[in-house]
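The structure under discussion appears below in the form of structure tokens.
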Amino acid sequence: MYADRLPTAVRQLLTDILVVIWVYAWIRAGMWVHDTVQKLGVPGQKLEAAGTGIAGNLQDIGGRVGRVPLVGDELTSPFSSAAGAANNLAEAGRQQQEIVGDLALTLALLIAAVPLALVLFLWLPLRLRWMRRAGVAARVRDEPAGRDLLALRALASRPLDQLTKLGPDIAQSWRNGDAAAVDALAALELRDLGLRPAKAR
């Protein structure tokens, strides 16, 4: 999970903590936006409650008026129409709440998704790649063949200024199988990964 060398391990740990805090902060921001936008649905809730209440009252009145002899059926028609209009009002309130709910969810997901995507597709692959490379290097560093591989990797990937610090003929020394050159190159590769050098032969 972490390097052997303390400075690298501390840097990795701090980076991991910052990434976790960063992700948590964006998730909280998404939740806050969701809750804030959901408040826009309050008028819809009141509209639905008012429409439902009015429709219920009108239907109740219409039912009572309908019991009046001879003219009851004719008198209930306006109340039924008004109750239908009130139900339409309640339905409009429900639709407004659904639209606000969908908008709140979409905005919350967008706000949280971008930072999470950066973590999943940028930071996490790099972290896993280092863990894989460091794990293999740690397993082979104490084996002669593993040191040769680490030395070859250093020759292929380390900047020239780092290689020349080991000596102007470091490549030739490696080709000749010079144990000191192999160990120096392997230590260079291990240092880049934040790992301790191999045990002395």
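FYI, nothing fancy with the structure tokens labels: chains A, B, ... in order, residues from 1 per chain, ligands from 1 as they appear.
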
Problem set entry | helix (DSSP H, G or I) per DSSP on the backbone: members of stretch 133-175 of chain A, as a ChimeraX atom specification | /A:133-140,144-157,160-164,170-175

Contacts of stretch 88-149 of chain A with stretch 185-189 of chain A up to 9 Å, shortest pair per row, only C-alpha atoms, as JSON lines:
```
{"residue": "A:Ala137", "atom": "CA", "partner": "A:Glu189", "partner_atom": "CA", "distance": 8.8}
{"residue": "A:Arg141", "atom": "CA", "partner": "A:Ala186", "partner_atom": "CA", "distance": 7.7}
{"residue": "A:Gly146", "atom": "CA", "partner": "A:Ala186", "partner_atom": "CA", "distance": 8.7}
{"residue": "A:Arg147", "atom": "CA", "partner": "A:Ala186", "partner_atom": "CA", "distance": 5.6}
{"residue": "A:Asp148", "atom": "CA", "partner": "A:Ala186", "partner_atom": "CA", "distance": 7.2}
{"residue": "A:Leu149", "atom": "CA", "partner": "A:Ala186", "partner_atom": "CA", "distance": 7.8}
```

For this session: Determine, counting only C-alpha atoms, which protein, DNA and RNA residues have an atom within 12 Å of an atom of A:Ala3; residues of the same chain fewer than 2 positions away are not included. Present the result as a ChimeraX atom specification.
Result: /A:1,5-13,127,130-135,137-138,190-197

Next, the residues of the selection above should be written as a PDB file, in the first residue's frame with N, CA and C atoms.
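What follows is the written file selection_0.pdb:
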```pdb
ATOM      1  N   MET A   1       0.824  -1.218   0.000  1.00  0.00           N
ATOM      2  CA  MET A   1       0.000   0.000   0.000  1.00  0.00           C
ATOM      3  C   MET A   1       0.856   1.266   0.000  1.00  0.00           C
ATOM      4  N   ARG A   5      10.302   3.960   2.099  1.00  0.00           N
ATOM      5  CA  ARG A   5      10.982   5.192   2.491  1.00  0.00           C
ATOM      6  C   ARG A   5       9.969   6.161   3.092  1.00  0.00           C
ATOM      7  N   LEU A   6      10.330   6.726   4.235  1.00  0.00           N
ATOM      8  CA  LEU A   6       9.388   7.547   5.000  1.00  0.00           C
ATOM      9  C   LEU A   6       8.867   8.764   4.228  1.00  0.00           C
ATOM     10  N   PRO A   7       9.731   9.550   3.575  1.00  0.00           N
ATOM     11  CA  PRO A   7       9.181  10.723   2.861  1.00  0.00           C
ATOM     12  C   PRO A   7       8.145  10.342   1.806  1.00  0.00           C
ATOM     13  N   THR A   8       8.430   9.289   1.044  1.00  0.00           N
ATOM     14  CA  THR A   8       7.475   8.854   0.014  1.00  0.00           C
ATOM     15  C   THR A   8       6.205   8.325   0.652  1.00  0.00           C
ATOM     16  N   ALA A   9       6.344   7.541   1.717  1.00  0.00           N
ATOM     17  CA  ALA A   9       5.172   6.977   2.393  1.00  0.00           C
ATOM     18  C   ALA A   9       4.296   8.081   2.983  1.00  0.00           C
ATOM     19  N   VAL A  10       4.928   9.108   3.586  1.00  0.00           N
ATOM     20  CA  VAL A  10       4.168  10.225   4.156  1.00  0.00           C
ATOM     21  C   VAL A  10       3.440  10.975   3.047  1.00  0.00           C
ATOM     22  N   ARG A  11       4.130  11.207   1.928  1.00  0.00           N
ATOM     23  CA  ARG A  11       3.491  11.894   0.802  1.00  0.00           C
ATOM     24  C   ARG A  11       2.296  11.107   0.278  1.00  0.00           C
ATOM     25  N   GLN A  12       2.462   9.782   0.167  1.00  0.00           N
ATOM     26  CA  GLN A  12       1.359   8.939  -0.306  1.00  0.00           C
ATOM     27  C   GLN A  12       0.188   8.965   0.668  1.00  0.00           C
ATOM     28  N   LEU A  13       0.494   8.862   1.956  1.00  0.00           N
ATOM     29  CA  LEU A  13      -0.568   8.863   2.967  1.00  0.00           C
ATOM     30  C   LEU A  13      -1.328  10.191   2.954  1.00  0.00           C
ATOM     31  N   ARG A 127      -2.348   5.098  -8.700  1.00  0.00           N
ATOM     32  CA  ARG A 127      -2.056   4.507  -7.374  1.00  0.00           C
ATOM     33  C   ARG A 127      -1.922   2.993  -7.487  1.00  0.00           C
ATOM     34  N   TRP A 130       1.333   2.057  -9.240  1.00  0.00           N
ATOM     35  CA  TRP A 130       2.482   2.112  -8.344  1.00  0.00           C
ATOM     36  C   TRP A 130       2.490   0.895  -7.420  1.00  0.00           C
ATOM     37  N   MET A 131       1.337   0.536  -6.873  1.00  0.00           N
ATOM     38  CA  MET A 131       1.273  -0.605  -5.960  1.00  0.00           C
ATOM     39  C   MET A 131       1.713  -1.882  -6.657  1.00  0.00           C
ATOM     40  N   ARG A 132       1.292  -2.058  -7.892  1.00  0.00           N
ATOM     41  CA  ARG A 132       1.684  -3.255  -8.637  1.00  0.00           C
ATOM     42  C   ARG A 132       3.196  -3.265  -8.897  1.00  0.00           C
ATOM     43  N   ARG A 133       3.727  -2.124  -9.371  1.00  0.00           N
ATOM     44  CA  ARG A 133       5.156  -2.036  -9.657  1.00  0.00           C
ATOM     45  C   ARG A 133       5.990  -2.208  -8.385  1.00  0.00           C
ATOM     46  N   ALA A 134       5.569  -1.528  -7.311  1.00  0.00           N
ATOM     47  CA  ALA A 134       6.316  -1.612  -6.052  1.00  0.00           C
ATOM     48  C   ALA A 134       6.253  -3.020  -5.469  1.00  0.00           C
ATOM     49  N   GLY A 135       5.089  -3.672  -5.604  1.00  0.00           N
ATOM     50  CA  GLY A 135       4.964  -5.038  -5.091  1.00  0.00           C
ATOM     51  C   GLY A 135       5.896  -6.004  -5.802  1.00  0.00           C
ATOM     52  N   ALA A 137       8.660  -5.152  -7.482  1.00  0.00           N
ATOM     53  CA  ALA A 137      10.046  -4.769  -7.169  1.00  0.00           C
ATOM     54  C   ALA A 137      10.448  -5.246  -5.782  1.00  0.00           C
ATOM     55  N   ALA A 138       9.532  -5.137  -4.806  1.00  0.00           N
ATOM     56  CA  ALA A 138       9.852  -5.585  -3.446  1.00  0.00           C
ATOM     57  C   ALA A 138      10.069  -7.090  -3.390  1.00  0.00           C
ATOM     58  N   LEU A 190      14.700   1.301  -7.247  1.00  0.00           N
ATOM     59  CA  LEU A 190      13.954   1.130  -6.000  1.00  0.00           C
ATOM     60  C   LEU A 190      13.703   2.469  -5.318  1.00  0.00           C
ATOM     61  N   ARG A 191      14.704   3.353  -5.360  1.00  0.00           N
ATOM     62  CA  ARG A 191      14.544   4.675  -4.746  1.00  0.00           C
ATOM     63  C   ARG A 191      13.434   5.443  -5.443  1.00  0.00           C
ATOM     64  N   ASP A 192      13.359   5.321  -6.773  1.00  0.00           N
ATOM     65  CA  ASP A 192      12.302   6.022  -7.504  1.00  0.00           C
ATOM     66  C   ASP A 192      10.923   5.518  -7.081  1.00  0.00           C
ATOM     67  N   LEU A 193      10.815   4.239  -6.727  1.00  0.00           N
ATOM     68  CA  LEU A 193       9.552   3.674  -6.269  1.00  0.00           C
ATOM     69  C   LEU A 193       9.294   3.926  -4.776  1.00  0.00           C
ATOM     70  N   GLY A 194      10.284   4.495  -4.095  1.00  0.00           N
ATOM     71  CA  GLY A 194      10.139   4.744  -2.669  1.00  0.00           C
ATOM     72  C   GLY A 194      10.442   3.525  -1.817  1.00  0.00           C
ATOM     73  N   LEU A 195      11.209   2.581  -2.374  1.00  0.00           N
ATOM     74  CA  LEU A 195      11.518   1.349  -1.648  1.00  0.00           C
ATOM     75  C   LEU A 195      12.965   1.351  -1.190  1.00  0.00           C
ATOM     76  N   ARG A 196      13.233   0.615  -0.118  1.00  0.00           N
ATOM     77  CA  ARG A 196      14.596   0.471   0.376  1.00  0.00           C
ATOM     78  C   ARG A 196      15.414  -0.348  -0.611  1.00  0.00           C
ATOM     79  N   PRO A 197      16.720  -0.122  -0.646  1.00  0.00           N
ATOM     80  CA  PRO A 197      17.552  -0.942  -1.549  1.00  0.00           C
ATOM     81  C   PRO A 197      17.599  -2.381  -1.088  1.00  0.00           C
TER      82      PRO A 197
END
```

Exercise. Can you tell me how far atom CA of A:Asn87 sits from atom CA of A:Thr52, in Å to one decimal?
Worked result: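 Answer for the atom CA of A:Asn87 to atom CA of A:Thr52 separation: 6.0 Å.
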
So that I can check the surroundings of A:Pro115, please list as a CSV table (one decimal) with C-alpha atoms, in the first residue's frame every protein, DNA and RNA residue that reaches within 9 Å of it, counting only C-alpha atoms and ignoring chain neighbours fewer than 2 positions away.
```csv
chain,number,residue,atom,x,y,z
A,22,TRP,CA,-11.9,15.8,-1.4
A,23,VAL,CA,-14.4,13.1,-2.5
A,26,TRP,CA,-17.9,16.9,-3.2
A,27,ILE,CA,-20.4,14.2,-2.1
A,111,ILE,CA,-21.7,17.7,-9.0
A,112,ALA,CA,-20.5,14.4,-7.4
A,113,ALA,CA,-19.8,12.5,-10.6
A,117,ALA,CA,-14.6,10.3,-12.2
A,118,LEU,CA,-11.3,12.1,-11.8
A,119,VAL,CA,-10.5,9.9,-8.8
A,120,LEU,CA,-11.6,6.7,-10.5
```

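Atom CA of A:Leu163 is positioned 28.8 Å from atom CA of A:Thr15.
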
Problem set entry | Nearby residues (only C-alpha atoms) at most 12 Å from A:Asp102, same-chain spacing under 3 positions excluded, as a list in words | His34, Val37, Gln38, Leu40, Gly41, Gln95, Gln96, Gln97, Glu98, Ile99, Leu105, Thr106, Leu107, Ala108 and Leu109 of chain A

Seminar exercise, completed: Atom pair atom CA of A:Leu110 + atom CA of A:Trp123, distance 19.1 Å
